[in-house]
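Take a look at the structure below.
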Amino acid sequence: MSQKFDVVVIGAGPGGYVAAIRAAQLGLKTACIEKFIGKEGKVVLGGTCLNVGCIPSKALLDSSYKYHEAKEAFAVHGIEAKGVTIDVPAMVARKANIVKNLTGGIATLFKANGVTSFEGHGKLLANKQVEVTGLDGKVEILEAENVIIASGSKPVEIPPAPLTDDVIVDSTGALEFQSVPKKLGVIGAGVIGLELGSVWARLGAEVTVLEALDKFLPAADEQIAKEALKVLTKQGLNIRLGARVTGSEVKKKQVTVTFTDANGEQKETFDKLIVAVGRRPVTANLLAADSGVTIDERGFIFVDDHCKTSVPGVYAIGDVVRGAMLAHKASEEGVMVAERIAGHKAQMNYDLIPSVIYTHPEIAWVGKSEQSLKAEGVEVNVGTFPFAASGRAMAANDTAGLVKVIADAKTDRVLGVHVIGPSAAELVQQGAIAMEFGSSAEDLGMMVFSHPTLSEALHEAALAVNGHAIHIANRKKR
Ligand code: FAD
Ligand code: AMP
């Protein structure tokens, strides 16, 4: 006899596992199906984010930054650190341990909240039935009142650079190098390419990033993107814009990449090549022909603002649907859907999803950029504050970058907060909180900020919007 559930979730990434936990908290009988096989040959929860995404990349970013600091940045503090070396396998093993602890933690949370875990491949059939094919091939049918599809995404592969066992890799392979490549190529100057390129550059690799577009970080505010290009280039990343990769040849554990740029066809040889050209939704063998769920023209499951698919009672969330491919976007959609299933009126503010690039300095923003607001014809006032004028940043010897606050010229309402600098991700979150509550630049300016903090740079940038900054000359005096 088939088992019946109020909610069946397919996929246990940050979208699926959060949806399952919230649904169970709300008293719904919930199951979650996952098929990801971890390093130990067993099914693990947590999806891309915990296993091969956000967490392992940040573990390597943090380790590699400590190495870089010990080698390059201690002397200025009067600290002598001679003979600093790295043990890459130990660094990678530390990362694996963090992943193991966190993914194990999700299993514990499932038990604590009463979520039933199924190991295997989930497929949506007609009438909200879900077929689970276990690792042993055994098939089981679950009857669901509601289904939440959270099958996530995987790296895009491109014909000019097909993956190989150990020379041309995707982001997952780039988290597993056991030694520092002397010359590293990265295709794609997006978030993942810049973060992984930074990890290996800090450890000593000579890194070239090949980016087809002429514009660097087109989604970011132009002023911030310009500053980012300057700072990252100064760190040694060779970022080549307008360079489209057209071919590659692997010989004797090296790869020669062909690309075209303004000067015509070029070739460059690398010891490793990371393909980081984006991610695509996972829908293979997920939907039976008669499931009724439709896919949009770009391969994403079609959903409305509340993540409802074309079939009543079937929802889809996270990377498999439209919008930013970000873990926090996936999780919040999971919460919204679980709560709506339970009868609450939850919704999500898609205008305030923060974006972060975890390079050093970090690059982060929430809301709209100056160029997009201008293109919409919105008149704005802009305030900026450089970390070079921040006492706290100076104390930390970490003064690159700035905070930029953009407000509506008529109402003073904050429309965007953009930061490149130390702890940009945390500062932008403060901006997001303010914006969620409809703050004006003046409101932010009137708040008391602890001294000395990096947050004071946000305070000063908000004051600068109306020409009231104290610790920098104001562009506009009022
Ligand atoms: P996923 O995390 O992809 O999870 C989907 C799960 O569903 C997978 O475990 C998969 O095995 C399972 N699944 C798929 N099909 C089936 C099926 N038929 N049956 C059973 N199970 C199935 N985002 C951030 O917000 N911050 C970051 O710092 C960040 N860094 C990243 C770094 C890297 C290197 C990468 C690759 C990604 C990063 N991301 C980051 C993106 C983030 O990982 C994704 O946006 C997020 O994981 C999406 O969550 P999801 O639940 O939609 O899908
Ligand atoms: P993202 O989607 O943010 O991960 O960024 C991926 C980047 O890869 C985009 O900026 C693309 O322009 C870039 N890209 C895609 N294909 C190629 C290619 N063949 N050569 C160079 N860059 C590419």
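Letters A, B, ... mark the chains of the structure tokens in the order given; residue numbers begin at 1 per chain; ligand numbers begin at 1, in order shown.
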Considering only C-alpha atoms, give me a table of residues in range 98-142 of chain A that are at most 10 Å from range 38-59 of chain A, with the closest atom pair and distance in Å for each, as JSON lines.
{"residue": "A:Ile98", "atom": "CA", "partner": "A:Pro56", "partner_atom": "CA", "distance": 7.7}
{"residue": "A:Val99", "atom": "CA", "partner": "A:Asn51", "partner_atom": "CA", "distance": 5.9}
{"residue": "A:Lys100", "atom": "CA", "partner": "A:Asn51", "partner_atom": "CA", "distance": 8.3}
{"residue": "A:Asn101", "atom": "CA", "partner": "A:Leu50", "partner_atom": "CA", "distance": 9.9}
{"residue": "A:Leu102", "atom": "CA", "partner": "A:Leu50", "partner_atom": "CA", "distance": 7.0}
{"residue": "A:Thr103", "atom": "CA", "partner": "A:Leu45", "partner_atom": "CA", "distance": 5.4}
{"residue": "A:Gly104", "atom": "CA", "partner": "A:Leu45", "partner_atom": "CA", "distance": 7.5}
{"residue": "A:Gly105", "atom": "CA", "partner": "A:Leu45", "partner_atom": "CA", "distance": 8.9}
{"residue": "A:Ile106", "atom": "CA", "partner": "A:Leu45", "partner_atom": "CA", "distance": 6.4}
{"residue": "A:Ala107", "atom": "CA", "partner": "A:Leu45", "partner_atom": "CA", "distance": 6.8}
{"residue": "A:Phe110", "atom": "CA", "partner": "A:Leu45", "partner_atom": "CA", "distance": 9.9}
{"residue": "A:Ser117", "atom": "CA", "partner": "A:Leu45", "partner_atom": "CA", "distance": 9.4}
{"residue": "A:Phe118", "atom": "CA", "partner": "A:Val43", "partner_atom": "CA", "distance": 9.6}
{"residue": "A:Glu119", "atom": "CA", "partner": "A:Val43", "partner_atom": "CA", "distance": 6.5}
{"residue": "A:Gly120", "atom": "CA", "partner": "A:Val43", "partner_atom": "CA", "distance": 8.1}
{"residue": "A:Leu135", "atom": "CA", "partner": "A:Val43", "partner_atom": "CA", "distance": 9.0}
For the residues selected in the previous step, produce a file with N, CA, C and O atoms as a PDB file, in the first residue's frame.
ATOM      1  N   ILE A  98      33.696  20.145   7.527  1.00  0.00           N
ATOM      2  CA  ILE A  98      32.611  21.124   7.766  1.00  0.00           C
ATOM      3  C   ILE A  98      31.350  20.655   7.032  1.00  0.00           C
ATOM      4  O   ILE A  98      30.239  20.664   7.578  1.00  0.00           O
ATOM      5  N   VAL A  99      31.545  20.218   5.781  1.00  0.00           N
ATOM      6  CA  VAL A  99      30.411  19.725   4.975  1.00  0.00           C
ATOM      7  C   VAL A  99      29.755  18.541   5.687  1.00  0.00           C
ATOM      8  O   VAL A  99      28.527  18.469   5.820  1.00  0.00           O
ATOM      9  N   LYS A 100      30.591  17.636   6.196  1.00  0.00           N
ATOM     10  CA  LYS A 100      30.057  16.438   6.867  1.00  0.00           C
ATOM     11  C   LYS A 100      29.219  16.830   8.088  1.00  0.00           C
ATOM     12  O   LYS A 100      28.116  16.321   8.306  1.00  0.00           O
ATOM     13  N   ASN A 101      29.748  17.758   8.893  1.00  0.00           N
ATOM     14  CA  ASN A 101      29.011  18.186  10.098  1.00  0.00           C
ATOM     15  C   ASN A 101      27.686  18.822   9.737  1.00  0.00           C
ATOM     16  O   ASN A 101      26.654  18.541  10.356  1.00  0.00           O
ATOM     17  N   LEU A 102      27.710  19.696   8.728  1.00  0.00           N
ATOM     18  CA  LEU A 102      26.481  20.426   8.391  1.00  0.00           C
ATOM     19  C   LEU A 102      25.438  19.516   7.754  1.00  0.00           C
ATOM     20  O   LEU A 102      24.249  19.606   8.072  1.00  0.00           O
ATOM     21  N   THR A 103      25.861  18.644   6.842  1.00  0.00           N
ATOM     22  CA  THR A 103      24.881  17.774   6.179  1.00  0.00           C
ATOM     23  C   THR A 103      24.288  16.795   7.201  1.00  0.00           C
ATOM     24  O   THR A 103      23.091  16.510   7.179  1.00  0.00           O
ATOM     25  N   GLY A 104      25.147  16.335   8.125  1.00  0.00           N
ATOM     26  CA  GLY A 104      24.659  15.455   9.206  1.00  0.00           C
ATOM     27  C   GLY A 104      23.649  16.198  10.072  1.00  0.00           C
ATOM     28  O   GLY A 104      22.662  15.627  10.548  1.00  0.00           O
ATOM     29  N   GLY A 105      23.884  17.498  10.231  1.00  0.00           N
ATOM     30  CA  GLY A 105      22.985  18.330  11.039  1.00  0.00           C
ATOM     31  C   GLY A 105      21.582  18.388  10.436  1.00  0.00           C
ATOM     32  O   GLY A 105      20.584  18.422  11.170  1.00  0.00           O
ATOM     33  N   ILE A 106      21.488  18.365   9.131  1.00  0.00           N
ATOM     34  CA  ILE A 106      20.159  18.411   8.487  1.00  0.00           C
ATOM     35  C   ILE A 106      19.411  17.110   8.796  1.00  0.00           C
ATOM     36  O   ILE A 106      18.205  17.116   9.085  1.00  0.00           O
ATOM     37  N   ALA A 107      20.156  15.998   8.741  1.00  0.00           N
ATOM     38  CA  ALA A 107      19.520  14.700   9.059  1.00  0.00           C
ATOM     39  C   ALA A 107      18.966  14.747  10.488  1.00  0.00           C
ATOM     40  O   ALA A 107      17.843  14.281  10.755  1.00  0.00           O
ATOM     41  N   PHE A 110      15.836  16.842  10.548  1.00  0.00           N
ATOM     42  CA  PHE A 110      14.692  16.097   9.990  1.00  0.00           C
ATOM     43  C   PHE A 110      14.083  15.208  11.078  1.00  0.00           C
ATOM     44  O   PHE A 110      12.874  15.165  11.263  1.00  0.00           O
ATOM     45  N   SER A 117      12.527  10.853   5.746  1.00  0.00           N
ATOM     46  CA  SER A 117      13.515  10.959   4.668  1.00  0.00           C
ATOM     47  C   SER A 117      13.434   9.751   3.757  1.00  0.00           C
ATOM     48  O   SER A 117      13.398   8.611   4.244  1.00  0.00           O
ATOM     49  N   PHE A 118      13.406   9.975   2.457  1.00  0.00           N
ATOM     50  CA  PHE A 118      13.499   8.877   1.491  1.00  0.00           C
ATOM     51  C   PHE A 118      14.781   9.053   0.691  1.00  0.00           C
ATOM     52  O   PHE A 118      15.082  10.165   0.235  1.00  0.00           O
ATOM     53  N   GLU A 119      15.521   7.954   0.505  1.00  0.00           N
ATOM     54  CA  GLU A 119      16.756   8.033  -0.272  1.00  0.00           C
ATOM     55  C   GLU A 119      16.480   7.484  -1.658  1.00  0.00           C
ATOM     56  O   GLU A 119      16.056   6.337  -1.804  1.00  0.00           O
ATOM     57  N   GLY A 120      16.702   8.294  -2.686  1.00  0.00           N
ATOM     58  CA  GLY A 120      16.475   7.819  -4.042  1.00  0.00           C
ATOM     59  C   GLY A 120      16.035   8.943  -4.948  1.00  0.00           C
ATOM     60  O   GLY A 120      16.056  10.114  -4.572  1.00  0.00           O
ATOM     61  N   LEU A 135      18.012   3.481  -4.095  1.00  0.00           N
ATOM     62  CA  LEU A 135      19.340   3.219  -4.645  1.00  0.00           C
ATOM     63  C   LEU A 135      19.455   1.773  -5.114  1.00  0.00           C
ATOM     64  O   LEU A 135      20.235   1.447  -6.003  1.00  0.00           O
TER      65      LEU A 135
END
TODO: Pick out the residues no farther than 8 Å from ligand 2, counting only C-alpha atoms and all ligand atoms, and list them as a PyMOL selection string.
DONE: chain A and resi 158+160+187-193+210-213+216-217+242-246+259+276-279
Open item on the list: For range 433-445 of chain A, find every residue with an atom within 8 Å (counting only C-alpha atoms), except residues of its own chain fewer than 2 positions away, and show them as a PyMOL selection string.
Closed with: chain A and resi 352+405+407+411-415+429-431+447+459-460+462-463+465-466
Task: Long-range neighbours of range 70-84 of chain A as a VMD selection string, 12 Å cut-off, only C-alpha atoms, 3 positions minimum in chain - done: chain A and resid 63 to 67 87 202 to 204 235 394 to 398
Do a neighbour search on Met325 in chain A at 10 Å with only C-alpha atoms, toss out local chain neighbours closer than 6 positions, and write the hits as an mmCIF file with C-alpha atoms, in the first residue's frame.
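Result saved to around_10.cif:
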data_model
loop_
_atom_site.group_PDB
_atom_site.id
_atom_site.type_symbol
_atom_site.label_atom_id
_atom_site.label_comp_id
_atom_site.auth_asym_id
_atom_site.auth_seq_id
_atom_site.Cartn_x
_atom_site.Cartn_y
_atom_site.Cartn_z
ATOM 1 C CA GLY A 152 18.070 22.566 -7.922
ATOM 2 C CA SER A 153 20.636 23.169 -10.610
ATOM 3 C CA GLY A 278 26.586 29.448 -15.089
ATOM 4 C CA ARG A 279 24.156 26.811 -13.843
ATOM 5 C CA ARG A 280 21.076 25.202 -15.332
ATOM 6 C CA PRO A 281 17.927 23.783 -13.741
ATOM 7 C CA GLY A 318 14.874 27.454 -5.665
ATOM 8 C CA ASP A 319 17.291 27.092 -8.560
ATOM 9 C CA SER A 355 23.628 39.364 -3.741
#
Task: Selection near Pro386 in chain A, 7 Å with only C-alpha atoms, sequence-local residues under 5 positions removed, as an MDAnalysis selection string - done: chainID A and resid 401:403
Got time to write the residues from that selection, N, CA, C and O atoms, as a PDB file, in the first residue's frame?
ATOM      1  N   GLY A 401      37.695  49.931  -1.005  1.00  0.00           N
ATOM      2  CA  GLY A 401      36.250  49.873  -1.272  1.00  0.00           C
ATOM      3  C   GLY A 401      35.447  51.021  -0.684  1.00  0.00           C
ATOM      4  O   GLY A 401      35.992  51.973  -0.110  1.00  0.00           O
ATOM      5  N   LEU A 402      34.142  50.914  -0.822  1.00  0.00           N
ATOM      6  CA  LEU A 402      33.226  51.983  -0.414  1.00  0.00           C
ATOM      7  C   LEU A 402      31.821  51.451  -0.178  1.00  0.00           C
ATOM      8  O   LEU A 402      31.486  50.350  -0.620  1.00  0.00           O
ATOM      9  N   VAL A 403      31.031  52.267   0.503  1.00  0.00           N
ATOM     10  CA  VAL A 403      29.596  51.996   0.651  1.00  0.00           C
ATOM     11  C   VAL A 403      28.858  53.039  -0.164  1.00  0.00           C
ATOM     12  O   VAL A 403      29.228  54.228  -0.142  1.00  0.00           O
TER      13      VAL A 403
END
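Candidate residues A:Ser331, A:Lys138, A:Val275, A:Val8 were compared for distance to Glu157 in chain A, and the nearest is A:Val275, using only C-alpha atoms.
Closest to Lys111 in chain A among A:Ala31, A:Cys307, A:Val9, A:Ile168 is A:Ala31, based on only C-alpha atoms.
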- [ ] Excluding Lys128 in chain A and any residue of its chain fewer than 6 positions from it, enumerate the residues within 9 Å of it, using only C-alpha atoms, and give them as an MDAnalysis selection string.
- [x] chainID A and resid 142:147 291 311 313:314
For the residues in the current selection, export N, CA, C and O atoms as a compact mmCIF listing (two decimals), in the first residue's frame.
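Result saved to out.txt:
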# COMPACT_ATOMS: atom_id res chain seq x y z
N LEU A 142 4.43 7.40 -3.45
CA LEU A 142 3.91 8.21 -2.34
C LEU A 142 2.72 9.01 -2.85
O LEU A 142 2.76 9.55 -3.96
N GLU A 143 1.67 9.06 -2.03
CA GLU A 143 0.49 9.87 -2.39
C GLU A 143 0.64 11.19 -1.64
O GLU A 143 0.83 11.18 -0.42
N ALA A 144 0.54 12.31 -2.38
CA ALA A 144 0.76 13.60 -1.72
C ALA A 144 -0.42 14.54 -1.91
O ALA A 144 -0.98 14.63 -3.00
N GLU A 145 -0.77 15.23 -0.82
CA GLU A 145 -1.76 16.32 -0.96
C GLU A 145 -1.10 17.49 -1.68
O GLU A 145 -1.73 18.19 -2.46
N ASN A 146 0.19 17.69 -1.35
CA ASN A 146 0.97 18.78 -1.95
C ASN A 146 2.38 18.28 -2.27
O ASN A 146 2.94 17.49 -1.50
N VAL A 147 2.92 18.76 -3.38
CA VAL A 147 4.28 18.40 -3.75
C VAL A 147 5.10 19.68 -3.91
O VAL A 147 4.60 20.66 -4.47
N SER A 291 2.32 14.57 -15.92
CA SER A 291 2.30 15.24 -14.61
C SER A 291 1.56 16.57 -14.68
O SER A 291 1.04 17.06 -13.69
N VAL A 311 0.07 22.99 -11.98
CA VAL A 311 -0.83 21.98 -11.39
C VAL A 311 -1.19 22.40 -9.96
O VAL A 311 -0.28 22.60 -9.14
N GLY A 313 -1.66 22.44 -6.19
CA GLY A 313 -1.07 21.57 -5.16
C GLY A 313 0.37 21.17 -5.46
O GLY A 313 1.01 20.50 -4.65
N VAL A 314 0.88 21.56 -6.62
CA VAL A 314 2.30 21.28 -6.93
C VAL A 314 3.04 22.61 -7.03
O VAL A 314 2.63 23.52 -7.76
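Residue nearest ligand 1 within the list A:Val250, A:Ile86, A:Met91, A:Ala364: A:Ala364 [criterion: smallest interatomic distance, only C-alpha atoms and all ligand atoms].
Distance annotation: of A:Ser151, A:Gln178, A:Gln254, A:Thr233, the residue with the minimal separation from ligand 1 is A:Ser151; atom set is only C-alpha atoms and all ligand atoms.
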Task: DSSP strand (DSSP E) residues within range 42-164 of chain A, listed as a ChimeraX atom specification - done: /A:116-119,121-124,129-133,139-149,153-155
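Of note, CA of Leu427 in chain A and CA of Val448 in chain A are spaced 14.9 Å apart.
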